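S.K.: Take a look at input.txt, compact mmCIF, C-alpha atoms:
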# COMPACT_ATOMS: atom_id res chain seq x y z
CA MET G 1 -9.14 -24.61 3.07
CA ALA G 2 -9.98 -23.22 -0.34
CA SER G 3 -9.96 -26.33 -2.48
CA PRO G 4 -12.43 -28.08 -4.76
CA ASP G 5 -14.99 -30.08 -2.86
CA LEU G 6 -14.01 -33.31 -4.56
CA TYR G 7 -14.18 -36.63 -2.80
CA SER G 8 -14.85 -40.19 -3.81
CA PRO G 9 -14.76 -43.46 -1.83
CA TRP G 10 -11.64 -45.59 -1.89
CA PRO G 11 -11.39 -49.36 -1.25
CA SER G 12 -9.89 -50.66 1.96
CA SER G 13 -6.68 -51.56 0.14
CA THR G 14 -6.06 -47.87 -0.42
CA SER G 15 -6.06 -47.11 3.29
CA TYR G 16 -3.73 -50.02 3.83
CA SER G 17 -1.25 -48.65 1.29
CA PHE G 18 -1.28 -45.31 3.10
CA SER G 19 -0.75 -46.70 6.59
CA GLY G 20 1.77 -49.26 5.37
CA SER G 21 4.07 -46.64 3.87
CA LEU G 22 4.57 -44.64 7.10
CA ASP G 23 5.99 -45.55 10.49
CA ILE G 24 3.77 -43.83 13.05
CA HIS G 25 4.82 -43.94 16.70
CA VAL G 26 1.95 -43.80 19.18
CA GLU G 27 1.57 -40.33 20.60
CA GLU G 28 -1.21 -38.87 22.70
CA THR G 29 -3.28 -36.44 20.64
CA HIS G 30 -4.51 -33.39 22.52
CA PRO G 31 -7.75 -31.65 21.46
CA ALA G 32 -5.82 -28.46 20.71
CA ASN G 33 -3.55 -30.31 18.27
CA PHE G 34 -6.52 -31.93 16.60
CA LEU G 35 -8.25 -28.60 16.09
CA GLN G 36 -5.04 -27.24 14.64
CA ALA G 37 -5.16 -29.91 11.94
CA GLN G 38 -8.58 -28.79 10.72
CA GLU G 39 -6.98 -25.96 8.76
CA VAL G 40 -3.57 -25.55 7.30
CA PRO G 41 -1.71 -23.70 10.07
CA SER G 42 -0.02 -20.38 9.42
CA SER G 43 3.62 -19.65 10.13
CA SER G 44 4.51 -19.44 13.81
CA SER G 45 7.00 -17.08 15.35
CA SER G 46 9.47 -19.91 15.93
CA SER G 47 9.31 -21.08 12.33
CA SER G 48 9.72 -17.55 11.05
CA LEU G 49 13.02 -17.40 12.89
CA SER G 50 14.22 -20.41 10.92
CA TYR G 51 13.59 -18.52 7.69
CA ASN G 52 15.95 -15.71 8.60
CA CYS G 53 18.92 -17.75 7.50
CA ASN G 54 17.59 -17.66 3.94
CA VAL G 55 16.91 -13.92 3.90
CA PRO G 56 19.55 -12.05 1.87
CA LYS G 57 21.58 -9.45 3.73
CA PRO G 58 20.56 -5.82 3.13
CA PRO G 59 22.93 -3.55 1.19
CA PRO G 60 25.40 -1.52 3.27
CA LEU G 61 24.43 1.95 4.45
CA PRO G 62 25.72 4.94 2.46
CA ASP G 63 29.14 6.19 3.44
CA LYS G 64 29.14 9.13 5.88
CA THR G 65 31.17 11.29 3.54
CA CYS G 66 28.65 10.62 0.76
CA THR G 67 25.78 11.59 3.07
CA ARG G 68 27.50 14.82 4.08
CA THR G 69 28.18 15.72 0.46
CA ALA G 70 24.55 15.15 -0.53
CA LYS G 71 23.40 17.22 2.43
CA ARG G 72 25.68 20.10 1.43
CA LEU G 73 24.30 20.03 -2.09
CA LEU G 74 20.73 20.21 -0.79
CA GLU G 75 21.55 23.06 1.58
CA CYS G 76 23.68 24.93 -0.90
CA CYS G 77 22.33 28.35 -1.91
CA PHE G 78 23.86 30.02 -4.95
CA VAL G 79 22.48 33.45 -3.96
CA PRO G 80 24.43 35.11 -1.12
CA LYS G 81 22.43 36.30 1.86
CA GLU G 82 23.64 39.84 1.26
CA THR G 83 22.08 39.81 -2.21
CA VAL G 84 18.76 38.55 -0.85
CA ASP G 85 18.83 41.23 1.86
CA ALA G 86 19.59 43.90 -0.74
CA TRP G 87 16.55 42.96 -2.84
CA ASP G 88 14.41 42.81 0.28
CA LYS G 89 15.62 46.27 1.27
CA LEU G 90 14.91 47.63 -2.22
CA PHE G 91 11.30 46.50 -1.94
CA LYS G 92 10.76 47.77 1.61
CA GLU G 93 12.26 51.22 0.94
CA GLY G 94 10.72 51.53 -2.53
CA HIS G 95 13.62 53.62 -3.81
CA GLY G 96 13.04 54.57 -7.46
CA ALA G 97 9.63 52.87 -7.61
CA ASP G 98 7.54 53.59 -10.71
CA VAL G 99 4.50 51.41 -9.97
CA TYR G 100 1.80 51.44 -7.31
CA VAL G 101 -0.05 48.19 -6.59
CA ILE G 102 -3.43 48.98 -5.03
CA SER G 103 -5.20 46.59 -2.62
CA LYS G 104 -8.92 46.26 -1.96
CA ASP G 105 -8.45 48.67 0.97
CA ASP G 106 -7.19 51.34 -1.49
CA LEU G 107 -3.76 51.14 0.10
CA TYR G 108 -0.67 51.60 -2.13
CA ILE G 109 2.39 49.39 -2.36
CA PRO G 110 5.35 50.87 -4.30
CA ALA G 111 7.18 48.56 -6.72
CA HIS G 112 9.45 48.58 -9.76
CA SER G 113 8.03 47.77 -13.16
CA SER G 114 11.27 46.17 -14.36
CA VAL G 115 11.23 43.66 -11.46
CA LEU G 116 7.56 42.84 -11.83
CA ASN G 117 7.89 42.42 -15.58
CA ILE G 118 10.83 40.01 -15.28
CA VAL G 119 9.42 37.85 -12.47
CA SER G 120 5.85 37.69 -13.77
CA PRO G 121 5.06 38.12 -17.49
CA VAL G 122 1.39 38.35 -16.53
CA LEU G 123 2.12 41.40 -14.38
CA GLY G 124 4.20 42.76 -17.27
CA THR G 125 1.11 42.62 -19.51
CA PHE G 126 -0.93 44.39 -16.85
CA LEU G 127 1.72 47.09 -16.64
CA GLN G 128 1.57 47.74 -20.38
CA GLN G 129 -2.20 48.18 -20.15
CA SER G 130 -2.17 50.25 -16.95
CA ARG G 131 -2.77 53.98 -16.77
CA VAL G 132 0.11 56.36 -16.20
CA LYS G 133 -0.27 59.40 -13.94
CA ASN G 134 2.59 61.69 -12.99
CA GLY G 135 5.11 59.12 -14.21
CA MET G 136 3.63 56.32 -12.07
CA ARG G 137 1.71 53.26 -13.19
CA TYR G 138 -1.20 51.89 -11.17
CA ILE G 139 -2.30 48.26 -10.89
CA LYS G 140 -5.28 47.34 -8.75
CA ILE G 141 -5.75 43.79 -7.44
CA PRO G 142 -9.36 43.60 -6.17
CA GLY G 143 -10.55 41.27 -3.44
CA VAL G 144 -7.13 40.79 -1.81
CA PRO G 145 -6.16 42.48 1.49
CA TYR G 146 -3.14 44.76 1.73
CA ASP G 147 -0.98 42.43 3.85
CA ALA G 148 -1.45 39.54 1.41
CA ILE G 149 -0.43 41.69 -1.59
CA HIS G 150 2.50 43.07 0.39
CA ALA G 151 3.74 39.53 1.13
CA PHE G 152 3.25 38.60 -2.54
CA ILE G 153 5.20 41.55 -3.97
CA ARG G 154 7.97 41.04 -1.41
CA PHE G 155 8.35 37.43 -2.56
CA LEU G 156 8.74 38.63 -6.16
CA TYR G 157 11.78 40.64 -5.08
CA SER G 158 13.64 38.38 -2.67
CA SER G 159 11.77 35.04 -2.55
CA CYS G 160 11.36 35.69 1.18
CA TYR G 161 8.26 35.51 3.33
CA GLU G 162 7.31 35.55 6.98
CA LYS G 163 5.84 32.35 8.38
CA GLU G 164 3.06 34.31 10.05
CA ASP G 165 2.08 35.86 6.72
CA MET G 166 2.10 32.45 5.04
CA ASN G 167 -0.03 30.94 7.78
CA LYS G 168 -2.54 33.79 7.56
CA PHE G 169 -2.66 34.44 3.81
CA VAL G 170 -1.62 31.13 2.23
CA LEU G 171 -4.88 30.81 0.29
CA HIS G 172 -4.58 34.39 -1.03
CA LEU G 173 -0.97 33.75 -1.98
CA LEU G 174 -1.94 30.53 -3.77
CA VAL G 175 -4.51 32.40 -5.85
CA LEU G 176 -2.06 35.26 -6.58
CA SER G 177 0.75 32.88 -7.54
CA HIS G 178 -1.58 31.05 -9.93
CA SER G 179 -3.12 34.20 -11.39
CA PHE G 180 0.24 35.85 -12.05
CA ALA G 181 2.14 32.64 -12.96
CA VAL G 182 4.68 32.63 -10.12
CA SER G 183 5.38 28.89 -9.98
CA SER G 184 7.98 29.04 -7.19
CA LEU G 185 5.53 30.66 -4.77
CA LYS G 186 2.79 28.28 -5.88
CA ARG G 187 4.93 25.27 -4.95
CA ILE G 188 5.65 26.76 -1.54
CA CYS G 189 1.95 27.38 -0.90
CA VAL G 190 1.03 23.83 -1.90
CA HIS G 191 3.75 22.39 0.34
CA PHE G 192 2.66 24.58 3.26
CA LEU G 193 -0.98 23.53 2.87
CA GLU G 194 -0.16 19.82 2.65
CA ARG G 195 2.14 19.90 5.64
CA ASP G 196 0.00 21.11 8.53
CA TRP G 197 -2.63 23.59 7.42
CA ILE G 198 -5.53 21.53 6.07
CA THR G 199 -8.16 20.31 8.55
CA LYS G 200 -11.42 18.45 8.16
CA GLU G 201 -13.27 21.78 8.46
CA ASN G 202 -11.49 23.49 5.54
CA VAL G 203 -10.45 20.58 3.31
CA VAL G 204 -13.52 20.93 1.05
CA ASP G 205 -12.81 24.64 0.51
CA VAL G 206 -9.14 23.95 -0.20
CA LEU G 207 -10.10 21.23 -2.68
CA GLN G 208 -12.30 23.62 -4.67
CA LEU G 209 -9.57 26.27 -4.61
CA ALA G 210 -6.93 23.74 -5.68
CA ARG G 211 -9.02 22.80 -8.72
CA SER G 212 -9.53 26.46 -9.61
CA CYS G 213 -5.79 27.13 -9.29
CA ASP G 214 -4.70 24.06 -11.30
CA ALA G 215 -2.91 22.39 -8.38
CA PRO G 216 -3.42 18.65 -9.06
CA ARG G 217 -1.14 17.47 -6.27
CA LEU G 218 -3.02 19.53 -3.69
CA SER G 219 -6.34 18.43 -5.17
CA LEU G 220 -5.36 14.76 -4.86
CA PHE G 221 -4.17 15.34 -1.29
CA CYS G 222 -7.58 16.81 -0.37
CA VAL G 223 -9.53 14.03 -2.07
CA ARG G 224 -7.55 11.39 -0.17
CA LYS G 225 -8.17 13.21 3.11
CA ILE G 226 -11.90 13.38 2.38
CA VAL G 227 -12.07 9.68 1.47
CA LYS G 228 -10.15 8.72 4.60
CA ASP G 229 -12.42 10.65 6.99
CA PHE G 230 -15.59 10.96 4.92
CA LYS G 231 -18.06 10.54 7.78
CA ALA G 232 -16.66 13.47 9.78
CA ILE G 233 -16.00 15.75 6.80
CA SER G 234 -19.45 15.22 5.25
CA SER G 235 -21.02 16.76 8.37
CA THR G 236 -19.00 20.02 8.24
CA ASP G 237 -20.35 23.38 7.09
CA GLY G 238 -17.93 23.42 4.18
CA TRP G 239 -19.41 20.19 2.80
CA LYS G 240 -22.98 21.51 3.19
CA VAL G 241 -22.13 24.70 1.30
CA MET G 242 -20.36 22.73 -1.43
CA ARG G 243 -23.35 20.40 -1.77
CA ARG G 244 -25.64 23.35 -2.51
CA ALA G 245 -23.21 25.22 -4.77
CA ASN G 246 -21.57 22.31 -6.59
CA PRO G 247 -23.63 19.08 -6.46
CA ALA G 248 -21.52 17.59 -9.26
CA LEU G 249 -18.42 17.74 -7.05
CA GLU G 250 -20.33 16.09 -4.20
CA GLN G 251 -21.35 13.23 -6.49
CA GLU G 252 -17.76 12.85 -7.68
CA LEU G 253 -16.43 12.67 -4.13
CA ILE G 254 -19.05 10.11 -3.11
CA GLU G 255 -18.02 7.96 -6.08
CA PHE G 256 -14.40 8.22 -4.90
CA VAL G 257 -15.46 7.00 -1.44
CA VAL G 258 -17.42 4.07 -2.86
CA GLU G 259 -14.53 3.12 -5.13
CA ALA G 260 -12.07 3.28 -2.24
CA ASP G 261 -14.25 1.05 -0.07
CA THR G 262 -14.67 -1.45 -2.91
CA THR G 263 -10.94 -1.46 -3.62
CA LYS G 264 -10.19 -2.00 0.06
CA GLU G 265 -12.58 -4.95 0.28
CA GLU G 266 -11.12 -6.50 -2.86
CA ARG G 267 -7.59 -6.00 -1.56
CA LEU G 268 -8.44 -7.67 1.76
CA LYS G 269 -10.13 -10.53 -0.06
CA LYS G 270 -7.09 -11.08 -2.29
CA MET G 271 -4.79 -10.96 0.74
CA GLU G 272 -6.86 -13.65 2.47
CA GLU G 273 -6.83 -15.82 -0.66
CA LYS G 274 -3.08 -15.36 -1.01
CA LYS G 275 -2.63 -16.36 2.62
CA VAL G 276 -4.64 -19.58 2.07
CA TYR G 277 -2.58 -20.53 -0.99
CA MET G 278 0.65 -19.91 0.91
CA GLN G 279 -0.61 -22.12 3.73
CA LEU G 280 -1.42 -24.82 1.20
CA ASN G 281 2.11 -24.59 -0.17
CA GLU G 282 3.48 -24.94 3.36
CA ALA G 283 1.23 -27.99 3.87
CA MET G 284 2.59 -29.59 0.68
CA GLU G 285 6.18 -29.06 1.82
CA ALA G 286 5.42 -30.45 5.28
CA LEU G 287 3.71 -33.52 3.75
CA ILE G 288 6.76 -34.26 1.59
CA HIS G 289 9.05 -33.68 4.58
CA ILE G 290 7.14 -36.22 6.70
CA CYS G 291 6.85 -38.86 3.97
CA LYS G 292 10.39 -38.50 2.64
CA ASP G 293 12.64 -37.56 5.57
CA GLY G 294 10.46 -38.19 8.62
CA CYS G 295 9.80 -35.80 11.48
CA ARG G 296 10.04 -36.55 15.18
CA THR G 297 7.72 -39.57 15.70
CA ILE G 298 6.32 -40.01 12.21
CA GLY G 299 7.95 -40.82 8.90
CA PRO G 300 8.78 -43.54 6.32
CA ARG G 301 9.54 -47.06 7.56
CA ASP G 302 13.08 -46.99 6.19
CA LYS G 303 14.01 -44.03 8.38
CA VAL G 304 15.11 -44.10 12.01
CA LEU G 305 12.93 -41.63 13.89
CA LYS G 306 14.54 -39.64 16.68
CA GLY G 307 11.34 -38.95 18.59
CA SER G 308 12.56 -35.44 19.40
CA GLN G 309 10.07 -32.85 20.53
CA VAL G 310 12.13 -29.98 19.10
CA ALA G 311 10.06 -27.65 16.89
CA CYS G 312 10.27 -28.56 13.20
CA GLY G 313 11.49 -26.08 10.61
CA PHE G 314 8.40 -26.63 8.48
CA PRO G 315 5.60 -24.33 9.70
CA ALA G 316 2.73 -26.70 8.84
CA CYS G 317 4.42 -29.92 10.02
CA LYS G 318 2.66 -30.21 13.37
CA GLY G 319 -0.78 -29.81 11.82
CA ILE G 320 -0.07 -32.29 9.02
CA GLU G 321 1.33 -34.78 11.53
CA THR G 322 -1.86 -34.59 13.60
CA LEU G 323 -3.96 -34.99 10.48
CA VAL G 324 -1.97 -38.03 9.32
CA ARG G 325 -2.30 -39.71 12.73
CA HIS G 326 -6.04 -39.25 12.66
CA PHE G 327 -6.30 -40.42 9.05
CA SER G 328 -4.38 -43.63 9.75
CA SER G 329 -6.66 -44.68 12.59
CA CYS G 330 -10.07 -43.19 11.67
CA LYS G 331 -12.87 -45.72 11.10
CA THR G 332 -15.22 -43.32 9.30
CA ARG G 333 -13.42 -42.70 6.02
CA VAL G 334 -16.52 -42.43 3.84
CA PRO G 335 -17.87 -39.53 1.73
CA GLY G 336 -19.67 -37.03 3.93
CA GLY G 337 -18.38 -38.78 7.05
CA CYS G 338 -15.20 -37.52 8.68
CA VAL G 339 -14.31 -33.96 7.67
CA HIS G 340 -10.67 -34.43 8.75
CA CYS G 341 -10.19 -37.46 6.52
CA LYS G 342 -11.80 -35.58 3.65
CA ARG G 343 -9.27 -32.79 4.14
CA MET G 344 -6.46 -35.35 4.07
CA TRP G 345 -7.75 -36.82 0.79
CA GLN G 346 -7.75 -33.33 -0.72
CA LEU G 347 -4.19 -32.62 0.41
CA LEU G 348 -2.99 -35.93 -1.02
CA GLU G 349 -4.68 -35.25 -4.35
CA LEU G 350 -3.31 -31.70 -4.46
CA HIS G 351 0.18 -33.05 -3.89
CA SER G 352 -0.29 -35.63 -6.64
CA ARG G 353 -1.31 -32.94 -9.11
CA MET G 354 1.75 -30.88 -8.23
CA CYS G 355 4.18 -33.79 -8.14
CA SER G 356 6.38 -34.20 -11.23
CA GLU G 357 7.90 -37.59 -10.28
CA PRO G 358 5.09 -39.90 -9.09
CA ASP G 359 7.14 -43.06 -9.68
CA LEU G 360 9.82 -41.88 -7.22
CA CYS G 361 7.55 -40.02 -4.83
CA LYS G 362 7.24 -41.40 -1.30
CA VAL G 363 3.97 -39.64 -0.52
CA PRO G 364 1.25 -42.31 -0.22
CA LEU G 365 -1.29 -42.63 -3.06
CA CYS G 366 0.54 -40.16 -5.29
CA ARG G 367 0.53 -42.45 -8.32
CA HIS G 368 -3.00 -43.61 -7.51
CA PHE G 369 -4.32 -40.06 -7.75
CA LYS G 370 -2.45 -39.55 -11.02
CA GLU G 371 -4.45 -42.42 -12.50
CA LYS G 372 -7.71 -41.12 -10.99
CA MET G 373 -7.31 -37.76 -12.77
CA GLN G 374 -8.13 -39.40 -16.10
CA GLN G 375 -11.58 -40.39 -14.82
CA GLN G 376 -12.63 -36.97 -13.51
CA SER G 377 -15.08 -34.67 -15.26
CA LYS G 378 -13.90 -31.62 -17.18
CA LYS G 379 -15.47 -29.31 -14.60
CA ASP G 380 -13.62 -30.92 -11.69
CA GLU G 381 -10.40 -30.96 -13.67
CA THR G 382 -10.70 -27.23 -14.34
CA LYS G 383 -11.19 -26.50 -10.62
CA TRP G 384 -8.14 -28.51 -9.65
CA LYS G 385 -5.96 -26.91 -12.32
CA LEU G 386 -6.94 -23.45 -11.05
CA LEU G 387 -6.08 -24.42 -7.46
CA VAL G 388 -2.73 -25.90 -8.47
CA SER G 389 -1.82 -22.76 -10.44
CA LYS G 390 -2.67 -20.55 -7.46
CA VAL G 391 -0.55 -22.64 -5.08
CA MET G 392 2.36 -22.65 -7.53
CA VAL G 393 2.18 -18.85 -7.78
CA ALA G 394 2.23 -18.64 -3.97
CA LYS G 395 5.26 -20.93 -3.93
CA LYS G 396 7.14 -18.62 -6.32
CA ILE G 397 6.17 -15.57 -4.27
CA MET G 398 7.46 -17.13 -1.04
CA GLY G 399 10.74 -17.98 -2.78
CA PRO G 400 13.61 -18.10 -0.27
CA PHE G 401 11.20 -17.44 2.57
CA SER G 402 9.53 -20.80 1.96
CA GLY G 403 10.51 -23.89 3.95
CA HIS G 404 12.97 -26.49 2.70
CA ARG G 405 12.69 -27.00 -1.05
CA SER G 406 11.83 -30.37 -2.58
CA GLY G 407 12.36 -31.65 -6.11
CA LEU G 408 9.01 -33.45 -6.00
CA LEU G 409 6.99 -30.26 -5.93
Before we go any further, please render this structure as structure tokens.

M.R.:
Amino acid sequence: MASPDLYSPWPSSTSYSFSGSLDIHVEETHPANFLQAQEVPSSSSSSSLSYNCNVPKPPPLPDKTCTRTAKRLLECCFVPKETVDAWDKLFKEGHGADVYVISKDDLYIPAHSSVLNIVSPVLGTFLQQSRVKNGMRYIKIPGVPYDAIHAFIRFLYSSCYEKEDMNKFVLHLLVLSHSFAVSSLKRICVHFLERDWITKENVVDVLQLARSCDAPRLSLFCVRKIVKDFKAISSTDGWKVMRRANPALEQELIEFVVEADTTKEERLKKMEEKKVYMQLNEAMEALIHICKDGCRTIGPRDKVLKGSQVACGFPACKGIETLVRHFSSCKTRVPGGCVHCKRMWQLLELHSRMCSEPDLCKVPLCRHFKEKMQQQSKKDETKWKLLVSKVMVAKKIMGPFSGHRSGLL
């Protein structure tokens, strides 16, 4: 239990006031139950079921007609298929073409300057600077194969592409769409790469290309993939080539991996701390429940105990009950002696620091601990205040999912 290691001896009259305030029926204590009391127990499956009654109902599902309407809007195309086919046919037949786009293979693709100029202002600038021969303009795109340029020019006409071409030339198309400022094709390429194209063998190459083509979403996607599977990716040929050509990028990626590991460790540590504080809050609620209302075979002397073995709605009740039974009968309640009694002292003091009505509180020694606080050192007081604040935050976080509420906490 994460609590200040504070303990001081108490006179025998203190133990008498504790035992005298509770009615404890004799019950055989099994070793398993005793071990359970060493730490504040976490919520069990049975207790979690008792919380469901406090969970608010989810909002109703969207109406079917609303869903159908939204689906129609998403699927709606404002360009008729006939129009798309007509533009596709115009490109394939090349009727009235006044431009030739030349690939690295010196193959020619006919096109229309008016279409290229409207769709891509960058291509329009190239057209103005291109040479004219026999009424035709010529634009050469070096380093790109014919089929990739053909798929690119076709997209400029009809926004259509073959899946096979995209799968084969997606990197070429990404570079062309960036170079000639065709944002619609660039988005398609990025989506295609993120969906099912990137592997651990090519992710480093795609990352470098994404940075060159100003594709931050794709770049982030690649970085996350590298961080997630760094050990396997750092042994690929792509990583080795990148390390020689761009050592700065390698250093940057390694820093990302280190940061991710550190963040993960810190997140796990905070989750464990949060879990401990929630368990402490459950222990406080169970302690109040036992001392105020009674539970099964243990409770205040003015309550009639039922002795039922039915599971209690408080998740930590069984552990606290075992701890109380041991505390009431232990003969070694001295500093550094019994670790279980020491834990009980700490729980009682924590409750006292969280209790707002010590005069009415039925938890033993609550008022006594309130008076003891005035004698503690500033260092110990600071530790306890920090613990109390953490438990109170955990209580607010649990909200309706916490056990039964109490006005004393």

S.K.: Would you list the contacts of range 351-357 of chain G as a list in words, taking every protein, DNA or RNA residue within 9 Å and counting all atoms listed in the file, but skipping same-chain residues closer than 4 positions in sequence?

M.R.: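 Answer for this query is Met284, Leu287, Ile288, Gln346, Leu347, Cys361, Val363, Leu365, Cys366, Arg367, His368, Phe369, Lys370, Met373, Trp384, Lys385, Val388, Met392, Gly407, Leu408 and Leu409 of chain G.
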
S.K.: Could you turn the residues from that selection into a file that holds C-alpha atoms, as an mmCIF file, keeping the file's coordinate frame?

M.R.:
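Result file is again20.cif:
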data_model
loop_
_atom_site.group_PDB
_atom_site.id
_atom_site.type_symbol
_atom_site.label_atom_id
_atom_site.label_comp_id
_atom_site.auth_asym_id
_atom_site.auth_seq_id
_atom_site.Cartn_x
_atom_site.Cartn_y
_atom_site.Cartn_z
ATOM 1 C CA MET G 284 2.590 -29.590 0.680
ATOM 2 C CA LEU G 287 3.710 -33.520 3.750
ATOM 3 C CA ILE G 288 6.760 -34.260 1.590
ATOM 4 C CA GLN G 346 -7.750 -33.330 -0.720
ATOM 5 C CA LEU G 347 -4.190 -32.620 0.410
ATOM 6 C CA CYS G 361 7.550 -40.020 -4.830
ATOM 7 C CA VAL G 363 3.970 -39.640 -0.520
ATOM 8 C CA LEU G 365 -1.290 -42.630 -3.060
ATOM 9 C CA CYS G 366 0.540 -40.160 -5.290
ATOM 10 C CA ARG G 367 0.530 -42.450 -8.320
ATOM 11 C CA HIS G 368 -3.000 -43.610 -7.510
ATOM 12 C CA PHE G 369 -4.320 -40.060 -7.750
ATOM 13 C CA LYS G 370 -2.450 -39.550 -11.020
ATOM 14 C CA MET G 373 -7.310 -37.760 -12.770
ATOM 15 C CA TRP G 384 -8.140 -28.510 -9.650
ATOM 16 C CA LYS G 385 -5.960 -26.910 -12.320
ATOM 17 C CA VAL G 388 -2.730 -25.900 -8.470
ATOM 18 C CA MET G 392 2.360 -22.650 -7.530
ATOM 19 C CA GLY G 407 12.360 -31.650 -6.110
ATOM 20 C CA LEU G 408 9.010 -33.450 -6.000
ATOM 21 C CA LEU G 409 6.990 -30.260 -5.930
#

S.K.: So how many Å separate CA of Leu174 in chain G and CA of Lys140 in chain G, to one decimal?

M.R.: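 It comes out at 17.8 Å.
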
S.K.: Measuring atom to atom with all atoms listed in the file, identify which of G:Ser219, G:Thr199, G:Thr125, G:Gln376 is nearest to Gly238 in chain G.

M.R.: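 Among the listed residues, G:Thr199 lies closest to Gly238 in chain G.
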
S.K.: What gap, in Å, lies between CA of Ala394 in chain G and CA of His326 in chain G?

M.R.: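 Taking CA of Ala394 in chain G as the start and CA of His326 in chain G as the end point, the length is 27.7 Å.
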
S.K.: Of the candidates G:Ala316, G:Cys295, G:Leu323, G:Met136, which one gets nearest to Ile109 in chain G if we count only C-alpha atoms?

M.R.: G:Met136

S.K.: Give me, please, the distance in Å between CA of Val391 in chain G and CA of Tyr277 in chain G, quoted to one decimal.

M.R.: 5.0 Å

S.K.: Env of Phe169 in chain G: 7 Å cut, atoms = all atoms listed in the file, seq-sep filter 4 positions within chain, self excluded. Answer as an MDAnalysis selection string.

M.R.: chainID G and resid 148 165 173
